file model_32.csv (CSV, C-alpha atoms)
chain,number,residue,atom,x,y,z
H,23,GLY,CA,153.3,42.6,67.0
H,24,ALA,CA,151.5,45.8,66.1
H,25,VAL,CA,149.0,47.0,68.7
H,26,VAL,CA,146.2,49.6,68.5
H,27,SER,CA,145.1,50.7,71.9
H,28,GLN,CA,141.4,51.8,71.9
H,29,HIS,CA,139.8,53.5,74.9
H,30,PRO,CA,137.4,53.4,76.6
H,31,SER,CA,136.4,49.8,76.2
H,32,ARG,CA,133.0,50.5,77.6
H,33,VAL,CA,131.1,53.8,78.2
H,34,ILE,CA,127.6,54.7,79.3
H,35,CYS,CA,126.5,58.2,78.7
H,36,LYS,CA,123.3,60.2,79.0
H,37,SER,CA,121.3,61.2,76.0
H,38,GLY,CA,122.5,64.5,74.6
H,39,THR,CA,126.1,64.3,75.8
H,40,SER,CA,129.2,63.7,73.7
H,41,VAL,CA,131.6,60.8,73.9
H,42,LYS,CA,135.1,60.6,72.6
H,43,ILE,CA,136.8,57.4,71.6
H,44,GLU,CA,140.5,57.2,71.1
H,45,CYS,CA,142.7,54.9,69.1
H,46,ARG,CA,146.4,55.0,69.4
H,47,SER,CA,148.9,52.9,67.4
H,48,LEU,CA,151.7,51.7,69.6
H,49,ASP,CA,155.2,51.4,68.1
H,50,PHE,CA,154.1,52.1,64.6
H,51,GLN,CA,152.6,55.0,62.6
H,52,ALA,CA,149.2,54.6,61.1
H,53,THR,CA,148.9,56.3,57.8
H,54,THR,CA,145.2,55.6,57.6
H,55,MET,CA,142.6,54.8,60.3
H,56,PHE,CA,139.3,53.2,59.5
H,57,TRP,CA,136.3,53.5,61.9
H,58,TYR,CA,133.6,50.8,61.9
H,59,ARG,CA,130.4,50.3,63.7
H,60,GLN,CA,129.0,46.9,64.6
H,61,PHE,CA,125.5,46.1,65.7
H,62,PRO,CA,124.8,43.0,67.7
H,63,LYS,CA,125.4,39.8,65.8
H,64,GLN,CA,126.1,41.7,62.6
H,65,SER,CA,129.1,42.5,60.5
H,66,LEU,CA,131.2,45.6,60.6
H,67,MET,CA,129.9,48.7,58.8
H,68,LEU,CA,132.5,51.2,57.6
H,69,MET,CA,131.8,54.6,58.9
H,70,ALA,CA,134.7,56.7,57.7
H,71,THR,CA,138.3,56.7,56.6
H,72,SER,CA,140.8,59.2,57.9
H,73,ASN,CA,144.3,60.0,56.9
H,74,GLU,CA,146.7,61.9,59.1
H,75,GLY,CA,146.3,65.7,58.7
H,76,SER,CA,143.4,65.7,56.4
H,77,LYS,CA,139.6,65.5,56.7
H,78,ALA,CA,137.9,62.2,57.1
H,79,THR,CA,136.0,60.6,54.2
H,80,TYR,CA,132.6,59.5,55.4
H,81,GLU,CA,130.5,56.7,54.0
H,82,GLN,CA,127.1,57.4,52.6
H,83,GLY,CA,124.5,57.8,55.3
H,84,VAL,CA,127.0,58.6,58.1
H,85,GLU,CA,126.5,62.0,59.5
H,86,LYS,CA,129.8,63.8,59.6
H,87,ASP,CA,128.6,66.4,62.0
H,88,LYS,CA,127.5,63.8,64.5
H,89,PHE,CA,130.5,61.5,64.2
H,90,LEU,CA,133.5,63.8,64.3
H,91,ILE,CA,136.8,62.1,63.4
H,92,ASN,CA,140.2,63.7,64.1
H,93,HIS,CA,143.4,62.2,62.9
H,94,ALA,CA,145.9,64.8,64.2
H,95,SER,CA,148.9,62.6,64.3
H,96,LEU,CA,150.2,59.4,62.8
H,97,THR,CA,149.6,57.6,66.1
H,98,LEU,CA,146.3,59.0,67.3
H,99,SER,CA,142.8,59.1,65.8
H,100,THR,CA,139.6,60.0,67.7
H,101,LEU,CA,135.9,59.5,67.1
H,102,THR,CA,133.5,61.8,68.9
H,103,VAL,CA,129.9,60.9,69.0
H,104,THR,CA,128.1,64.3,69.5
H,105,SER,CA,124.8,64.7,71.1
H,106,ALA,CA,124.4,61.0,71.5
H,107,HIS,CA,121.1,59.3,71.4
H,108,PRO,CA,120.0,55.7,72.3
H,109,GLU,CA,120.1,54.7,68.6
H,110,ASP,CA,123.9,55.5,68.6
H,111,SER,CA,124.4,52.7,71.1
H,112,SER,CA,126.7,50.2,69.4
H,113,PHE,CA,130.2,48.7,69.3
H,114,TYR,CA,132.7,50.9,67.6
H,115,ILE,CA,136.0,49.6,66.3
H,116,CYS,CA,139.0,51.3,64.8
H,117,SER,CA,141.5,49.8,62.4
H,118,ALA,CA,144.9,51.2,61.6
H,119,TYR,CA,146.7,50.6,58.3
H,120,SER,CA,150.4,50.7,58.0
H,121,THR,CA,152.7,49.4,55.2
H,122,GLY,CA,155.3,49.1,57.9
H,123,VAL,CA,153.4,46.4,59.7
H,124,GLY,CA,152.1,44.9,56.6
H,125,GLY,CA,148.4,45.6,56.9
H,126,TYR,CA,145.6,46.3,59.2
H,127,THR,CA,145.5,46.3,63.0
H,128,PHE,CA,142.3,46.5,64.9
H,129,GLY,CA,141.5,48.1,68.2
H,130,SER,CA,139.7,46.1,70.9
H,131,GLY,CA,136.5,48.1,70.4
H,132,THR,CA,134.3,50.4,72.4
H,133,ARG,CA,130.9,49.4,73.7
H,134,LEU,CA,128.8,52.6,73.8
H,135,THR,CA,125.5,52.6,75.6
H,136,VAL,CA,123.4,55.8,75.5
H,137,VAL,CA,120.7,56.0,78.2
M,27,GLY,CA,131.7,46.9,43.7
M,28,ASN,CA,133.6,44.4,45.8
M,29,SER,CA,131.8,42.0,48.1
M,30,VAL,CA,132.2,39.0,50.3
M,31,THR,CA,129.7,36.2,50.9
M,32,GLN,CA,130.2,33.7,53.6
M,33,MET,CA,128.0,30.9,54.9
M,34,GLU,CA,125.3,31.8,57.3
M,35,GLY,CA,125.7,30.6,60.8
M,36,PRO,CA,125.4,29.7,63.5
M,37,VAL,CA,127.6,26.6,63.2
M,38,THR,CA,127.6,24.2,66.1
M,39,LEU,CA,130.2,21.4,66.2
M,40,SER,CA,131.4,18.9,68.7
M,41,GLU,CA,135.0,19.1,69.8
M,42,GLU,CA,137.5,17.5,67.4
M,43,ALA,CA,135.1,17.8,64.5
M,44,PHE,CA,136.2,19.1,61.1
M,45,LEU,CA,135.3,22.7,60.3
M,46,THR,CA,134.6,24.4,57.0
M,47,ILE,CA,133.3,27.9,56.6
M,48,ASN,CA,132.7,28.9,53.0
M,49,CYS,CA,133.7,32.3,51.7
M,50,THR,CA,133.4,33.6,48.1
M,51,TYR,CA,134.2,37.0,46.8
M,52,THR,CA,133.6,39.4,44.0
M,53,ALA,CA,136.3,41.8,43.0
M,54,THR,CA,137.4,43.6,40.0
M,55,GLY,CA,141.1,43.1,40.5
M,56,TYR,CA,143.3,40.8,42.5
M,57,PRO,CA,142.5,41.4,46.1
M,58,SER,CA,144.1,40.2,49.3
M,59,LEU,CA,142.0,37.9,51.3
M,60,PHE,CA,141.7,37.6,55.1
M,61,TRP,CA,140.1,35.7,57.8
M,62,TYR,CA,139.5,37.5,61.1
M,63,VAL,CA,138.2,36.1,64.4
M,64,GLN,CA,136.2,38.0,67.0
M,65,TYR,CA,135.8,36.7,70.5
M,66,PRO,CA,132.8,38.0,72.6
M,67,GLY,CA,133.2,41.6,73.5
M,68,GLU,CA,136.5,42.1,71.7
M,69,GLY,CA,137.8,43.5,68.5
M,70,LEU,CA,139.0,41.6,65.5
M,71,GLN,CA,142.1,39.5,65.4
M,72,LEU,CA,143.8,38.5,62.1
M,73,LEU,CA,143.7,34.8,61.8
M,74,LEU,CA,145.3,34.3,58.4
M,75,LYS,CA,145.7,36.0,55.0
M,76,ALA,CA,146.7,35.3,51.4
M,77,THR,CA,147.7,37.9,48.9
M,78,LYS,CA,147.7,36.1,45.6
M,79,ALA,CA,146.2,33.2,43.8
M,80,ASP,CA,147.0,29.7,45.2
M,81,ASP,CA,148.5,31.1,48.3
M,82,LYS,CA,147.6,29.2,51.4
M,83,GLY,CA,147.3,31.1,54.7
M,84,SER,CA,147.6,29.1,57.9
M,85,ASN,CA,147.6,29.8,61.6
M,86,LYS,CA,146.6,27.9,64.8
M,87,GLY,CA,145.5,24.9,62.8
M,88,PHE,CA,143.3,26.9,60.5
M,89,GLU,CA,143.9,27.0,56.8
M,90,ALA,CA,142.5,28.8,53.7
M,91,THR,CA,143.6,28.7,50.1
M,92,TYR,CA,143.1,31.6,47.7
M,93,ARG,CA,141.3,30.1,44.7
M,94,LYS,CA,141.1,32.5,41.9
M,95,GLU,CA,139.2,30.1,39.6
M,96,THR,CA,136.4,29.7,42.0
M,97,THR,CA,136.8,33.1,43.7
M,98,SER,CA,136.9,31.4,47.1
M,99,PHE,CA,138.8,31.4,50.3
M,100,HIS,CA,137.2,28.7,52.5
M,101,LEU,CA,138.3,28.4,56.1
M,102,GLU,CA,139.1,24.9,57.4
M,103,LYS,CA,140.4,23.3,60.5
M,104,GLY,CA,140.8,19.6,61.0
M,105,SER,CA,139.9,19.4,64.7
M,106,VAL,CA,138.1,22.2,66.5
M,107,GLN,CA,138.4,23.0,70.2
M,108,VAL,CA,135.9,24.7,72.5
M,109,SER,CA,138.3,27.7,72.6
M,110,ASP,CA,137.6,28.2,68.8
M,111,SER,CA,134.1,29.3,69.6
M,112,ALA,CA,133.9,32.8,68.1
M,113,VAL,CA,132.6,34.7,65.1
M,114,TYR,CA,134.7,34.4,62.0
M,115,PHE,CA,134.8,37.1,59.3
M,116,CYS,CA,136.0,36.7,55.8
M,117,ALA,CA,137.3,39.9,54.2
M,118,LEU,CA,139.1,41.3,51.2
M,119,SER,CA,141.2,44.4,50.4
M,120,ASP,CA,141.7,45.8,46.9
M,121,SER,CA,145.1,47.2,47.9
M,122,GLY,CA,146.8,48.6,50.9
M,123,ASN,CA,145.2,51.7,52.4
M,124,THR,CA,141.7,50.8,51.3
M,125,PRO,CA,139.1,49.6,53.8
M,126,LEU,CA,138.5,46.0,54.3
M,127,VAL,CA,135.2,44.6,52.9
M,128,PHE,CA,133.7,42.1,55.3
M,129,GLY,CA,131.4,39.2,55.0
M,130,LYS,CA,128.5,39.0,57.5
M,131,GLY,CA,130.4,36.8,59.8
M,132,THR,CA,129.8,33.2,60.9
M,133,ARG,CA,129.3,32.3,64.5
M,134,LEU,CA,130.9,29.1,65.5
M,135,SER,CA,130.1,27.2,68.7
M,136,VAL,CA,132.1,24.2,69.7
M,137,ILE,CA,130.7,22.0,72.4
M,138,ALA,CA,132.6,19.5,74.5
call {"tool": "encode", "arguments": {"input": "model_32.csv", "output": "structure tokens"}}
result
Amino acid sequence: GAVVSQHPSRVICKSGTSVKIECRSLDFQATTMFWYRQFPKQSLMLMATSNEGSKATYEQGVEKDKFLINHASLTLSTLTVTSAHPEDSSFYICSAYSTGVGGYTFGSGTRLTVV
Amino acid sequence: GNSVTQMEGPVTLSEEAFLTINCTYTATGYPSLFWYVQYPGEGLQLLLKATKADDKGSNKGFEATYRKETTSFHLEKGSVQVSDSAVYFCALSDSGNTPLVFGKGTRLSVIA
């Protein structure tokens, strides 16, 4: 089946540094990538939607300059958390959409801890 | 806007008990409906889906039927196992290429 490889699975970084999270669709092309954030014991909150080759569309309240999303190809999307702070600590999940695979495929998530 | 409401957890059941997790939705059109499962520390896995009214999705002993008249998509399993312990999310999609709208999730714990 369709697989989205998300890396890293866990990362600890110092406050003020930047962290990049990658999502790659394996064996299929993702026309759209969705980025979600999940707080402990809560549901997924949509952060942004990105289409290959165009700027991401951010949800209200999500700082686009802080959460940089790049979708340079149909198989790779990245989320960069810039100047991370402890309140950015969370579980980040990507989801790729493709008509070819009939729907949505989720990455395995990245646990970000900012110290 | 679209929304999904699912029963609050946590739900604790003994092994082999019957499971129901209620899910209702609000949508302007005819959405596709999904159940996802999340095991600790992992991403989401599609459990089952239904794309039109009266469709029944099923997988691994779980079932859910798309009920347009009651705008519901309740998840059921006849006999749960310890390995079913996870968080279950009900979700809908207006159409392809739009983000999924999730319910808040229901944590299920199955004890031996």
call {"tool": "closest_atom_pairs", "arguments": {"input": "model_32.csv", "of": "segment 57-132 of chain M", "to": "segment 41-52 of chain M", "cutoff": "6 Å", "atoms": "all atoms listed in the file", "output": "Markdown table"}}
result
| residue | atom | partner | partner_atom | distance |
| --- | --- | --- | --- | --- |
| M:Thr97 | CA | M:Thr50 | CA | 5.6 |
| M:Ser98 | CA | M:Thr50 | CA | 4.3 |
| M:Phe99 | CA | M:Cys49 | CA | 5.4 |
| M:His100 | CA | M:Asn48 | CA | 4.5 |
| M:Leu101 | CA | M:Ile47 | CA | 5.0 |
| M:Glu102 | CA | M:Thr46 | CA | 4.5 |
| M:Lys103 | CA | M:Leu45 | CA | 5.1 |
| M:Gly104 | CA | M:Phe44 | CA | 4.6 |
| M:Ser105 | CA | M:Glu42 | CA | 4.1 |
| M:Val106 | CA | M:Glu42 | CA | 4.8 |
| M:Gln107 | CA | M:Glu41 | CA | 5.2 |
call {"tool": "closest_atom_pairs", "arguments": {"input": "model_32.csv", "of": "chain H", "to": "chain M", "cutoff": "6 Å", "atoms": "all atoms listed in the file", "output": "JSON lines"}}
result
{"residue": "H:Ser65", "atom": "CA", "partner": "M:Lys130", "partner_atom": "CA", "distance": 4.6}
{"residue": "H:Phe128", "atom": "CA", "partner": "M:Leu70", "partner_atom": "CA", "distance": 5.9}
{"residue": "H:Gly129", "atom": "CA", "partner": "M:Gly69", "partner_atom": "CA", "distance": 5.9}
{"residue": "H:Ser130", "atom": "CA", "partner": "M:Gly69", "partner_atom": "CA", "distance": 4.0}
{"residue": "H:Gly131", "atom": "CA", "partner": "M:Gly69", "partner_atom": "CA", "distance": 5.1}
call {"tool": "residues_around", "arguments": {"input": "model_32.csv", "residues": "segment 82-85 of chain H", "least_positions_apart": "3", "cutoff": "10 Å", "atoms": "all atoms listed in the file", "output": "count of residues only"}}
result
7
call {"tool": "residues_near_point", "arguments": {"input": "model_32.csv", "point": "(141.6, 54.9, 59.5)", "cutoff": "12 Å", "atoms": "all atoms listed in the file", "output": "PyMOL selection string"}}
result
(chain H and resi 26+44-47+51-58+68-80+91-101+115-120+125-129) or (chain M and resi 122-126)
call {"tool": "write_last_selection", "arguments": {"input": "model_32.csv", "atoms": "C-alpha atoms", "output": "CSV table (one decimal), in the frame of the given file"}}
result
chain,number,residue,atom,x,y,z
H,26,VAL,CA,146.2,49.6,68.5
H,44,GLU,CA,140.5,57.2,71.1
H,45,CYS,CA,142.7,54.9,69.1
H,46,ARG,CA,146.4,55.0,69.4
H,47,SER,CA,148.9,52.9,67.4
H,51,GLN,CA,152.6,55.0,62.6
H,52,ALA,CA,149.2,54.6,61.1
H,53,THR,CA,148.9,56.3,57.8
H,54,THR,CA,145.2,55.6,57.6
H,55,MET,CA,142.6,54.8,60.3
H,56,PHE,CA,139.3,53.2,59.5
H,57,TRP,CA,136.3,53.5,61.9
H,58,TYR,CA,133.6,50.8,61.9
H,68,LEU,CA,132.5,51.2,57.6
H,69,MET,CA,131.8,54.6,58.9
H,70,ALA,CA,134.7,56.7,57.7
H,71,THR,CA,138.3,56.7,56.6
H,72,SER,CA,140.8,59.2,57.9
H,73,ASN,CA,144.3,60.0,56.9
H,74,GLU,CA,146.7,61.9,59.1
H,75,GLY,CA,146.3,65.7,58.7
H,76,SER,CA,143.4,65.7,56.4
H,77,LYS,CA,139.6,65.5,56.7
H,78,ALA,CA,137.9,62.2,57.1
H,79,THR,CA,136.0,60.6,54.2
H,80,TYR,CA,132.6,59.5,55.4
H,91,ILE,CA,136.8,62.1,63.4
H,92,ASN,CA,140.2,63.7,64.1
H,93,HIS,CA,143.4,62.2,62.9
H,94,ALA,CA,145.9,64.8,64.2
H,95,SER,CA,148.9,62.6,64.3
H,96,LEU,CA,150.2,59.4,62.8
H,97,THR,CA,149.6,57.6,66.1
H,98,LEU,CA,146.3,59.0,67.3
H,99,SER,CA,142.8,59.1,65.8
H,100,THR,CA,139.6,60.0,67.7
H,101,LEU,CA,135.9,59.5,67.1
H,115,ILE,CA,136.0,49.6,66.3
H,116,CYS,CA,139.0,51.3,64.8
H,117,SER,CA,141.5,49.8,62.4
H,118,ALA,CA,144.9,51.2,61.6
H,119,TYR,CA,146.7,50.6,58.3
H,120,SER,CA,150.4,50.7,58.0
H,125,GLY,CA,148.4,45.6,56.9
H,126,TYR,CA,145.6,46.3,59.2
H,127,THR,CA,145.5,46.3,63.0
H,128,PHE,CA,142.3,46.5,64.9
H,129,GLY,CA,141.5,48.1,68.2
M,122,GLY,CA,146.8,48.6,50.9
M,123,ASN,CA,145.2,51.7,52.4
M,124,THR,CA,141.7,50.8,51.3
M,125,PRO,CA,139.1,49.6,53.8
M,126,LEU,CA,138.5,46.0,54.3
call {"tool": "atom_distance", "arguments": {"input": "model_32.csv", "atom1": "atom CA of Gly35 of chain M", "atom2": "atom CA of Arg59 of chain H"}}
result
20.5 Å
call {"tool": "closest_residue", "arguments": {"input": "model_32.csv", "among": "H:Thr102, H:Ser27, H:Ser112, H:Gln64", "to": "Lys86 of chain H", "atoms": "all atoms listed in the file"}}
result
H:Thr102
call {"tool": "decode", "arguments": {"input": "model_32.csv", "residues": "segment 32-58 of chain M", "atoms": "N, CA and C atoms", "output": "mmCIF file, in the first residue's frame"}}
result
data_model
loop_
_atom_site.group_PDB
_atom_site.id
_atom_site.type_symbol
_atom_site.label_atom_id
_atom_site.label_comp_id
_atom_site.auth_asym_id
_atom_site.auth_seq_id
_atom_site.Cartn_x
_atom_site.Cartn_y
_atom_site.Cartn_z
ATOM 1 N N GLN M 32 -17.742 12.921 18.211
ATOM 2 C CA GLN M 32 -17.680 11.529 18.614
ATOM 3 C C GLN M 32 -17.694 11.431 20.133
ATOM 4 N N MET M 33 -18.080 10.259 20.604
ATOM 5 C CA MET M 33 -18.279 10.100 22.030
ATOM 6 C C MET M 33 -16.980 10.325 22.787
ATOM 7 N N GLU M 34 -17.134 10.893 23.977
ATOM 8 C CA GLU M 34 -15.975 11.165 24.806
ATOM 9 C C GLU M 34 -15.470 9.851 25.381
ATOM 10 N N GLY M 35 -14.194 9.776 25.544
ATOM 11 C CA GLY M 35 -13.637 8.614 26.214
ATOM 12 C C GLY M 35 -13.183 8.996 27.607
ATOM 13 N N PRO M 36 -12.340 8.218 28.214
ATOM 14 C CA PRO M 36 -11.895 6.933 27.671
ATOM 15 C C PRO M 36 -12.950 5.843 27.841
ATOM 16 N N VAL M 37 -12.844 4.856 26.997
ATOM 17 C CA VAL M 37 -13.707 3.692 27.070
ATOM 18 C C VAL M 37 -12.853 2.506 27.501
ATOM 19 N N THR M 38 -13.287 1.835 28.541
ATOM 20 C CA THR M 38 -12.564 0.667 29.035
ATOM 21 C C THR M 38 -13.470 -0.550 28.933
ATOM 22 N N LEU M 39 -12.996 -1.566 28.246
ATOM 23 C CA LEU M 39 -13.772 -2.784 28.049
ATOM 24 C C LEU M 39 -12.943 -4.004 28.391
ATOM 25 N N SER M 40 -13.631 -5.055 28.741
ATOM 26 C CA SER M 40 -12.957 -6.340 28.926
ATOM 27 C C SER M 40 -12.812 -7.022 27.567
ATOM 28 N N GLU M 41 -11.812 -7.851 27.463
ATOM 29 C CA GLU M 41 -11.593 -8.602 26.217
ATOM 30 C C GLU M 41 -12.860 -9.368 25.848
ATOM 31 N N GLU M 42 -13.151 -9.370 24.557
ATOM 32 C CA GLU M 42 -14.312 -10.044 23.967
ATOM 33 C C GLU M 42 -15.611 -9.280 24.147
ATOM 34 N N ALA M 43 -15.567 -8.111 24.744
ATOM 35 C CA ALA M 43 -16.783 -7.304 24.868
ATOM 36 C C ALA M 43 -17.129 -6.666 23.527
ATOM 37 N N PHE M 44 -18.382 -6.193 23.441
ATOM 38 C CA PHE M 44 -18.853 -5.518 22.241
ATOM 39 C C PHE M 44 -18.505 -4.033 22.328
ATOM 40 N N LEU M 45 -18.043 -3.495 21.214
ATOM 41 C CA LEU M 45 -17.630 -2.094 21.176
ATOM 42 C C LEU M 45 -18.541 -1.281 20.277
ATOM 43 N N THR M 46 -18.948 -0.127 20.772
ATOM 44 C CA THR M 46 -19.571 0.895 19.934
ATOM 45 C C THR M 46 -18.950 2.230 20.273
ATOM 46 N N ILE M 47 -18.510 2.943 19.261
ATOM 47 C CA ILE M 47 -18.070 4.324 19.433
ATOM 48 C C ILE M 47 -18.927 5.168 18.500
ATOM 49 N N ASN M 48 -19.690 6.054 19.101
ATOM 50 C CA ASN M 48 -20.618 6.865 18.320
ATOM 51 C C ASN M 48 -19.914 8.014 17.612
ATOM 52 N N CYS M 49 -20.392 8.285 16.415
ATOM 53 C CA CYS M 49 -19.871 9.405 15.636
ATOM 54 C C CYS M 49 -21.015 10.007 14.832
ATOM 55 N N THR M 50 -21.186 11.307 14.939
ATOM 56 C CA THR M 50 -22.151 12.008 14.106
ATOM 57 C C THR M 50 -21.438 13.155 13.406
ATOM 58 N N TYR M 51 -22.010 13.598 12.328
ATOM 59 C CA TYR M 51 -21.329 14.636 11.543
ATOM 60 C C TYR M 51 -22.310 15.704 11.094
ATOM 61 N N THR M 52 -21.735 16.829 10.756
ATOM 62 C CA THR M 52 -22.474 17.928 10.132
ATOM 63 C C THR M 52 -21.719 18.310 8.878
ATOM 64 N N ALA M 53 -22.425 18.303 7.764
ATOM 65 C CA ALA M 53 -21.773 18.651 6.497
ATOM 66 C C ALA M 53 -22.811 19.205 5.543
ATOM 67 N N THR M 54 -22.371 20.061 4.663
ATOM 68 C CA THR M 54 -23.298 20.682 3.722
ATOM 69 C C THR M 54 -23.609 19.778 2.545
ATOM 70 N N GLY M 55 -22.694 18.947 2.176
ATOM 71 C CA GLY M 55 -22.891 18.102 1.005
ATOM 72 C C GLY M 55 -22.981 16.641 1.381
ATOM 73 N N TYR M 56 -22.294 15.838 0.595
ATOM 74 C CA TYR M 56 -22.283 14.390 0.813
ATOM 75 C C TYR M 56 -20.846 13.943 1.022
ATOM 76 N N PRO M 57 -20.394 14.024 2.262
ATOM 77 C CA PRO M 57 -18.976 13.759 2.511
ATOM 78 C C PRO M 57 -18.648 12.276 2.483
ATOM 79 N N SER M 58 -17.372 12.000 2.384
ATOM 80 C CA SER M 58 -16.861 10.664 2.664
ATOM 81 C C SER M 58 -16.539 10.602 4.151
#
